[in-house]
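A.B. asks: The file below is model_24.pdb, PDB, C-alpha atoms:
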```pdb
MODEL        1
ATOM      1  CA  MET A   1    -119.819 159.321  -5.133
ATOM      2  CA  TYR A   2    -121.912 162.057  -6.722
ATOM      3  CA  ASN A   3    -124.101 162.327  -3.603
ATOM      4  CA  GLU A   4    -121.079 162.450  -1.306
ATOM      5  CA  LEU A   5    -119.465 165.199  -3.402
ATOM      6  CA  TYR A   6    -122.743 167.114  -3.513
ATOM      7  CA  ALA A   7    -123.131 166.917   0.289
ATOM      8  CA  ALA A   8    -119.545 168.110   0.862
ATOM      9  CA  TRP A   9    -119.928 170.932  -1.676
ATOM     10  CA  ARG A  10    -123.229 172.033  -0.165
ATOM     11  CA  PHE A  11    -121.765 172.022   3.373
ATOM     12  CA  GLU A  12    -118.849 174.238   2.313
ATOM     13  CA  ILE A  13    -121.203 176.696   0.572
ATOM     14  CA  GLU A  14    -123.668 176.932   3.443
ATOM     15  CA  ASN A  15    -121.218 177.066   6.383
ATOM     16  CA  THR A  16    -118.372 179.361   7.364
ATOM     17  CA  GLU A  17    -116.458 176.612   9.155
ATOM     18  CA  LEU A  18    -114.384 173.987   7.397
ATOM     19  CA  GLY A  19    -116.225 170.727   6.823
ATOM     20  CA  SER A  20    -114.839 167.257   7.378
ATOM     21  CA  LEU A  21    -113.820 165.073   4.446
ATOM     22  CA  PRO A  22    -112.659 161.446   4.566
ATOM     23  CA  PRO A  23    -108.892 161.037   4.014
ATOM     24  CA  ASP A  24    -109.428 159.348   0.621
ATOM     25  CA  PHE A  25    -112.129 161.742  -0.654
ATOM     26  CA  TYR A  26    -110.078 163.269  -3.486
ATOM     27  CA  ILE A  27    -108.691 159.902  -4.585
ATOM     28  CA  ARG A  28    -112.192 158.485  -4.880
ATOM     29  CA  THR A  29    -113.474 161.635  -6.603
ATOM     30  CA  ALA A  30    -110.672 161.512  -9.171
ATOM     31  CA  GLU A  31    -111.422 157.841  -9.827
ATOM     32  CA  TYR A  32    -115.113 158.682 -10.234
ATOM     33  CA  LEU A  33    -114.250 161.364 -12.812
ATOM     34  CA  ARG A  34    -111.959 158.949 -14.679
ATOM     35  CA  LYS A  35    -114.750 156.363 -14.843
ATOM     36  CA  ILE A  36    -117.236 158.908 -16.201
ATOM     37  CA  LYS A  37    -114.749 160.022 -18.874
ATOM     38  CA  GLN A  38    -113.904 156.452 -19.808
ATOM     39  CA  GLU A  39    -117.546 155.412 -20.052
ATOM     40  CA  ASN A  40    -118.376 158.516 -22.084
ATOM     41  CA  ARG A  41    -115.568 157.756 -24.565
ATOM     42  CA  MET A  42    -117.143 154.387 -25.290
ATOM     43  CA  LEU A  43    -120.552 155.832 -26.143
ATOM     44  CA  ASP A  44    -121.917 157.350 -29.312
ATOM     45  CA  LYS A  45    -121.947 161.110 -28.626
ATOM     46  CA  LYS A  46    -125.473 161.411 -30.032
ATOM     47  CA  THR A  47    -127.055 159.156 -27.416
ATOM     48  CA  VAL A  48    -129.018 160.374 -24.418
ATOM     49  CA  LYS A  49    -126.730 158.445 -22.077
ATOM     50  CA  ALA A  50    -123.658 160.212 -23.500
ATOM     51  CA  SER A  51    -125.360 163.566 -23.052
ATOM     52  CA  LEU A  52    -126.299 162.750 -19.456
ATOM     53  CA  LEU A  53    -122.770 161.565 -18.654
ATOM     54  CA  GLU A  54    -121.330 164.758 -20.146
ATOM     55  CA  HIS A  55    -123.665 166.871 -17.968
ATOM     56  CA  GLU A  56    -122.787 164.791 -14.916
ATOM     57  CA  MET A  57    -119.063 165.272 -15.609
ATOM     58  CA  GLN A  58    -119.514 169.046 -15.960
ATOM     59  CA  HIS A  59    -121.484 169.218 -12.690
ATOM     60  CA  VAL A  60    -118.882 167.117 -10.870
ATOM     61  CA  LYS A  61    -116.044 169.312 -12.150
ATOM     62  CA  HIS A  62    -117.912 172.483 -11.179
ATOM     63  CA  MET A  63    -118.692 171.243  -7.649
ATOM     64  CA  LEU A  64    -115.174 169.901  -7.186
ATOM     65  CA  GLN A  65    -113.565 173.151  -8.283
ATOM     66  CA  GLU A  66    -115.778 175.222  -5.971
ATOM     67  CA  LEU A  67    -115.279 172.774  -3.106
ATOM     68  CA  VAL A  68    -111.485 172.853  -3.422
ATOM     69  CA  TRP A  69    -111.314 176.664  -3.570
ATOM     70  CA  MET A  70    -113.776 177.196  -0.707
ATOM     71  CA  ARG A  71    -111.798 174.782   1.440
ATOM     72  CA  TYR A  72    -108.552 176.508   0.428
ATOM     73  CA  GLU A  73    -109.897 179.917   1.448
ATOM     74  CA  LYS A  74    -111.168 178.571   4.765
ATOM     75  CA  MET A  75    -107.828 176.867   5.499
ATOM     76  CA  ILE A  76    -105.888 180.035   4.652
ATOM     77  CA  LYS A  77    -108.152 182.019   6.983
ATOM     78  CA  ILE A  78    -107.633 179.537   9.825
ATOM     79  CA  ILE A  79    -103.860 179.474   9.309
ATOM     80  CA  SER A  80    -103.601 183.261   8.973
ATOM     81  CA  GLU A  81    -105.336 183.550  12.356
ATOM     82  CA  ASN A  82    -102.471 181.386  13.677
ATOM     83  CA  GLN A  83    -104.830 178.534  14.525
ATOM     84  CA  LYS A  84    -104.258 174.873  13.860
ATOM     85  CA  ILE A  85    -106.603 173.086  11.474
ATOM     86  CA  PRO A  86    -108.003 169.906  13.048
ATOM     87  CA  SER A  87    -106.438 167.075  11.038
ATOM     88  CA  ASP A  88    -109.629 165.008  11.188
ATOM     89  CA  LEU A  89    -111.268 167.563   8.858
ATOM     90  CA  LEU A  90    -108.639 167.153   6.146
ATOM     91  CA  THR A  91    -107.989 164.697   3.366
ATOM     92  CA  THR A  92    -104.578 163.070   3.127
ATOM     93  CA  GLU A  93    -103.513 165.536   0.410
ATOM     94  CA  GLU A  94    -104.756 168.589   2.327
ATOM     95  CA  ALA A  95    -102.950 167.487   5.492
ATOM     96  CA  LYS A  96     -99.630 167.258   3.625
ATOM     97  CA  ILE A  97    -100.128 170.655   2.008
ATOM     98  CA  CYS A  98    -101.180 172.311   5.281
ATOM     99  CA  ALA A  99     -98.054 171.062   7.030
ATOM    100  CA  GLY A 100     -96.051 173.320   4.716
ATOM    101  CA  PHE A 101     -98.403 176.253   5.313
ATOM    102  CA  LEU A 102     -98.132 175.878   9.064
ATOM    103  CA  SER A 103     -94.339 175.789   9.108
ATOM    104  CA  PHE A 104     -94.247 178.891   6.880
ATOM    105  CA  THR A 105     -96.804 180.725   9.033
ATOM    106  CA  GLU A 106     -95.035 179.822  12.268
ATOM    107  CA  ALA A 107     -91.659 180.891  10.858
ATOM    108  CA  TYR A 108     -93.086 184.181   9.607
ATOM    109  CA  HIS A 109     -94.746 184.901  12.960
ATOM    110  CA  ARG A 110     -91.390 184.237  14.723
ATOM    111  CA  PHE A 111     -89.693 186.552  12.221
ATOM    112  CA  ALA A 112     -92.235 189.344  12.867
ATOM    113  CA  LYS A 113     -92.045 188.920  16.660
ATOM    114  CA  ASN A 114     -88.242 189.009  16.630
ATOM    115  CA  LEU A 115     -88.203 191.996  14.286
ATOM    116  CA  LEU A 116     -90.371 193.929  16.733
ATOM    117  CA  ARG A 117     -87.819 193.044  19.447
ATOM    118  CA  GLY A 118     -85.091 194.556  17.282
ATOM    119  CA  GLN A 119     -83.704 191.205  16.170
ATOM    120  CA  VAL A 120     -83.420 189.882  12.663
ATOM    121  CA  LEU A 121     -82.947 186.182  12.050
ATOM    122  CA  LYS A 122     -80.524 185.276   9.330
ATOM    123  CA  VAL A 123     -82.360 183.524   6.559
ATOM    124  CA  LYS A 124     -80.520 180.765   4.713
ATOM    125  CA  LEU A 125     -80.263 181.554   1.046
ATOM    126  CA  GLU A 126     -80.772 178.914  -1.584
ATOM    127  CA  LYS A 127     -77.494 177.143  -2.324
ATOM    128  CA  ALA A 128     -75.792 178.322  -5.471
ATOM    129  CA  HIS A 129     -75.603 175.820  -8.286
ATOM    130  CA  LYS A 130     -72.049 175.225  -9.489
ATOM    131  CA  ARG A 131     -71.761 175.591 -13.246
ATOM    132  CA  VAL A 132     -69.464 174.134 -15.861
ATOM    133  CA  ALA A 133     -68.784 174.871 -19.522
ATOM    134  CA  LEU A 134     -70.007 172.394 -22.130
ATOM    135  CA  ARG A 135     -69.520 172.076 -25.891
ATOM    136  CA  PHE A 136     -72.600 170.672 -27.574
ATOM    137  CA  ILE A 137     -72.106 167.726 -29.921
ATOM    138  CA  LYS A 138     -75.738 167.533 -30.997
ATOM    139  CA  GLU A 139     -78.479 170.083 -31.431
ATOM    140  CA  ILE A 140     -80.899 170.181 -28.462
ATOM    141  CA  PRO A 141     -83.933 172.268 -27.524
ATOM    142  CA  ALA A 142     -84.025 174.550 -24.489
ATOM    143  CA  VAL A 143     -83.841 172.804 -21.102
ATOM    144  CA  ILE A 144     -84.747 173.843 -17.571
ATOM    145  CA  GLY A 145     -81.646 173.809 -15.389
ATOM    146  CA  ALA A 146     -81.364 172.554 -11.818
ATOM    147  CA  ASP A 147     -81.479 176.238 -10.810
ATOM    148  CA  MET A 148     -84.871 176.545 -12.600
ATOM    149  CA  LYS A 149     -83.438 178.810 -15.331
ATOM    150  CA  THR A 150     -83.860 178.091 -19.032
ATOM    151  CA  TYR A 151     -80.766 177.128 -21.043
ATOM    152  CA  GLY A 152     -80.636 176.878 -24.819
ATOM    153  CA  PRO A 153     -81.633 175.902 -27.365
ATOM    154  CA  PHE A 154     -78.144 174.795 -28.417
ATOM    155  CA  LEU A 155     -76.693 174.110 -31.854
ATOM    156  CA  VAL A 156     -73.781 171.790 -32.662
ATOM    157  CA  GLU A 157     -70.481 173.364 -31.475
ATOM    158  CA  ASP A 158     -72.221 175.860 -29.138
ATOM    159  CA  VAL A 159     -70.421 176.401 -25.837
ATOM    160  CA  ALA A 160     -72.397 177.294 -22.731
ATOM    161  CA  SER A 161     -72.182 177.336 -18.959
ATOM    162  CA  VAL A 162     -74.832 175.109 -17.303
ATOM    163  CA  PRO A 163     -75.406 173.724 -13.780
ATOM    164  CA  VAL A 164     -73.263 170.674 -12.953
ATOM    165  CA  GLU A 165     -76.374 168.530 -12.379
ATOM    166  CA  ASN A 166     -77.565 169.185 -15.931
ATOM    167  CA  ALA A 167     -74.075 168.879 -17.417
ATOM    168  CA  LYS A 168     -73.708 165.325 -16.072
ATOM    169  CA  ILE A 169     -76.965 164.273 -17.755
ATOM    170  CA  LEU A 170     -76.137 165.964 -21.068
ATOM    171  CA  ILE A 171     -72.686 164.351 -21.139
ATOM    172  CA  LYS A 172     -74.060 160.919 -20.227
ATOM    173  CA  GLN A 173     -76.617 161.157 -23.040
ATOM    174  CA  GLY A 174     -73.839 162.012 -25.519
ATOM    175  CA  LEU A 175     -75.273 165.441 -26.272
ATOM    176  CA  ALA A 176     -72.348 167.516 -24.969
ATOM    177  CA  GLU A 177     -68.816 167.264 -23.664
ATOM    178  CA  LEU A 178     -66.986 169.072 -20.920
ATOM    179  CA  VAL A 179     -64.820 172.015 -21.936
ATOM    180  CA  GLU A 180     -61.455 171.671 -20.226
ATOM    181  CA  ALA A 181     -60.126 174.836 -18.553
ATOM    182  CA  SER A 182     -56.639 175.739 -19.714
TER     183      SER A 182
ENDMDL
END
```
Have the structure of the file written as structure tokens, please.
C.D. replies:
Amino acid sequence: MYNELYAAWRFEIENTELGSLPPDFYIRTAEYLRKIKQENRMLDKKTVKASLLEHEMQHVKHMLQELVWMRYEKMIKIISENQKIPSDLLTTEEAKICAGFLSFTEAYHRFAKNLLRGQVLKVKLEKAHKRVALRFIKEIPAVIGADMKTYGPFLVEDVASVPVENAKILIKQGLAELVEAS
């Protein structure tokens, strides 16, 4: 795996075009890193083998980090030029990520084209999260709400308004109860 990673890394450094990677490249690379870490944990840190494995792990991490960022920059460049990235060049993970980039880029290009025609498309806003009031029965730390806002921490007898999705969970866990509107 080291040689395959090295070849891919070297290609990305030496070429301006995006190189081809097998669909399972990152899965196999992650497994390779896990094996190195696991083997290194089993060894006495003072041995030559442990030292060599540590150096190998550092080199693999360095190459992998550079490879991922070089590929990212090349993909962004291709997408920003409104070109399609050939799927045979991408790993499974990259293909899934790029699908989101492409839909965003295409939508933004349509928006810009329509704006220049004097038209503005209505953009759907994120749906509002309905909130309910809860009285806390037990003390709990801060939580991230369904609307991605932080709520809490809460003390016993605190009353707060939280998203319905979170309220259901807190009630089910016996941490809070619904405050009835009068």
A.B. asks: In Å to one decimal, how far is atom CA of Phe25 of chain A from atom CA of Val48 of chain A?
C.D. replies: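 Atom-to-atom, atom CA of Val48 of chain A and atom CA of Phe25 of chain A are spaced 29.2 Å apart.
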A.B. asks: Leaving out Gly145 of chain A and any residue of its chain fewer than 3 positions from it, which residues lie within 8 Å of it when counting only C-alpha atoms, given as an NGL selection string?
C.D. replies: :A and (148-151 or 162-163 or 166)
A.B. asks: Could you write out as a ChimeraX atom specification the residues that the PyMOL selection byres ((chain A and resi 8) around 12) matches in the shown file?
C.D. replies: /A:1-7,9-15,18-22,25-26,29,60,63-64,66-68,70-71,89
A.B. asks: How many Å separate atom CA of Leu33 of chain A from atom CA of Lys96 of chain A?
C.D. replies: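 According to the coordinates, atom CA of Leu33 of chain A and atom CA of Lys96 of chain A are separated by 22.8 Å.
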A.B. asks: Starting from the point (-75.8, 172.1, -13.3), work out which residues of protein, DNA or RNA have an atom no more than 8 Å away when counting only C-alpha atoms; state them as a PDB file with C-alpha atoms, in the coordinates of the input.
C.D. replies:
```
ATOM      1  CA  HIS A 129     -75.603 175.820  -8.286  1.00  0.00           C
ATOM      2  CA  LYS A 130     -72.049 175.225  -9.489  1.00  0.00           C
ATOM      3  CA  ARG A 131     -71.761 175.591 -13.246  1.00  0.00           C
ATOM      4  CA  VAL A 132     -69.464 174.134 -15.861  1.00  0.00           C
ATOM      5  CA  GLY A 145     -81.646 173.809 -15.389  1.00  0.00           C
ATOM      6  CA  ALA A 146     -81.364 172.554 -11.818  1.00  0.00           C
ATOM      7  CA  ASP A 147     -81.479 176.238 -10.810  1.00  0.00           C
ATOM      8  CA  VAL A 162     -74.832 175.109 -17.303  1.00  0.00           C
ATOM      9  CA  PRO A 163     -75.406 173.724 -13.780  1.00  0.00           C
ATOM     10  CA  VAL A 164     -73.263 170.674 -12.953  1.00  0.00           C
ATOM     11  CA  GLU A 165     -76.374 168.530 -12.379  1.00  0.00           C
ATOM     12  CA  ASN A 166     -77.565 169.185 -15.931  1.00  0.00           C
ATOM     13  CA  ALA A 167     -74.075 168.879 -17.417  1.00  0.00           C
ATOM     14  CA  LYS A 168     -73.708 165.325 -16.072  1.00  0.00           C
TER      15      LYS A 168
END
```
A.B. asks: Once the PyMOL selection byres ((chain A and resi 157-160) around 8) is applied to the coordinates I shared, what remains selected? I want it as a PDB file with C-alpha atoms, in the coordinates of the input.
C.D. replies:
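And here's part-v6.pdb as it stands now:
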```
ATOM      1  CA  ALA A 133     -68.784 174.871 -19.522  1.00  0.00           C
ATOM      2  CA  LEU A 134     -70.007 172.394 -22.130  1.00  0.00           C
ATOM      3  CA  ARG A 135     -69.520 172.076 -25.891  1.00  0.00           C
ATOM      4  CA  PHE A 136     -72.600 170.672 -27.574  1.00  0.00           C
ATOM      5  CA  ILE A 137     -72.106 167.726 -29.921  1.00  0.00           C
ATOM      6  CA  LYS A 138     -75.738 167.533 -30.997  1.00  0.00           C
ATOM      7  CA  PHE A 154     -78.144 174.795 -28.417  1.00  0.00           C
ATOM      8  CA  LEU A 155     -76.693 174.110 -31.854  1.00  0.00           C
ATOM      9  CA  VAL A 156     -73.781 171.790 -32.662  1.00  0.00           C
ATOM     10  CA  SER A 161     -72.182 177.336 -18.959  1.00  0.00           C
ATOM     11  CA  VAL A 162     -74.832 175.109 -17.303  1.00  0.00           C
TER      12      VAL A 162
END
```
A.B. asks: Nearest residue to Glu106 of chain A out of A:Ile85, A:Leu90, A:Ile79, A:Ala50, using only C-alpha atoms?
C.D. replies: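 With only C-alpha atoms as the atom set, the closest residue is A:Ile79.
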A.B. asks: Atom CA of Met57 of chain A and atom CA of Arg34 of chain A are how many Å apart?
C.D. replies: 9.6 Å
A.B. asks: Pick the closest to Ala30 of chain A from A:Phe111, A:Trp69, A:Lys61, A:Ile171: which is it, counting all atoms listed in the file?
C.D. replies: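 The answer is A:Lys61, which sits nearest to Ala30 of chain A.
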A.B. asks: Can you tell me, as a PyMOL selection string, which residues sit within 12 Å of (-118.2, 156.7, -19.0) in the file's frame, using only C-alpha atoms?
C.D. replies: chain A and resi 31-45+49-57
A.B. asks: Could you please take those selected residues and save C-alpha atoms as a PDB file, in the frame of the given file?
C.D. replies:
```
ATOM      1  CA  GLU A  31    -111.422 157.841  -9.827  1.00  0.00           C
ATOM      2  CA  TYR A  32    -115.113 158.682 -10.234  1.00  0.00           C
ATOM      3  CA  LEU A  33    -114.250 161.364 -12.812  1.00  0.00           C
ATOM      4  CA  ARG A  34    -111.959 158.949 -14.679  1.00  0.00           C
ATOM      5  CA  LYS A  35    -114.750 156.363 -14.843  1.00  0.00           C
ATOM      6  CA  ILE A  36    -117.236 158.908 -16.201  1.00  0.00           C
ATOM      7  CA  LYS A  37    -114.749 160.022 -18.874  1.00  0.00           C
ATOM      8  CA  GLN A  38    -113.904 156.452 -19.808  1.00  0.00           C
ATOM      9  CA  GLU A  39    -117.546 155.412 -20.052  1.00  0.00           C
ATOM     10  CA  ASN A  40    -118.376 158.516 -22.084  1.00  0.00           C
ATOM     11  CA  ARG A  41    -115.568 157.756 -24.565  1.00  0.00           C
ATOM     12  CA  MET A  42    -117.143 154.387 -25.290  1.00  0.00           C
ATOM     13  CA  LEU A  43    -120.552 155.832 -26.143  1.00  0.00           C
ATOM     14  CA  ASP A  44    -121.917 157.350 -29.312  1.00  0.00           C
ATOM     15  CA  LYS A  45    -121.947 161.110 -28.626  1.00  0.00           C
ATOM     16  CA  LYS A  49    -126.730 158.445 -22.077  1.00  0.00           C
ATOM     17  CA  ALA A  50    -123.658 160.212 -23.500  1.00  0.00           C
ATOM     18  CA  SER A  51    -125.360 163.566 -23.052  1.00  0.00           C
ATOM     19  CA  LEU A  52    -126.299 162.750 -19.456  1.00  0.00           C
ATOM     20  CA  LEU A  53    -122.770 161.565 -18.654  1.00  0.00           C
ATOM     21  CA  GLU A  54    -121.330 164.758 -20.146  1.00  0.00           C
ATOM     22  CA  HIS A  55    -123.665 166.871 -17.968  1.00  0.00           C
ATOM     23  CA  GLU A  56    -122.787 164.791 -14.916  1.00  0.00           C
ATOM     24  CA  MET A  57    -119.063 165.272 -15.609  1.00  0.00           C
TER      25      MET A  57
END
```
A.B. asks: Of the residues A:Thr92, A:Lys172, A:Gln58, A:Cys98, which is the one nearest to Ile76 of chain A, using all atoms listed in the file?
C.D. replies: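 The closest residue to Ile76 of chain A is A:Cys98.
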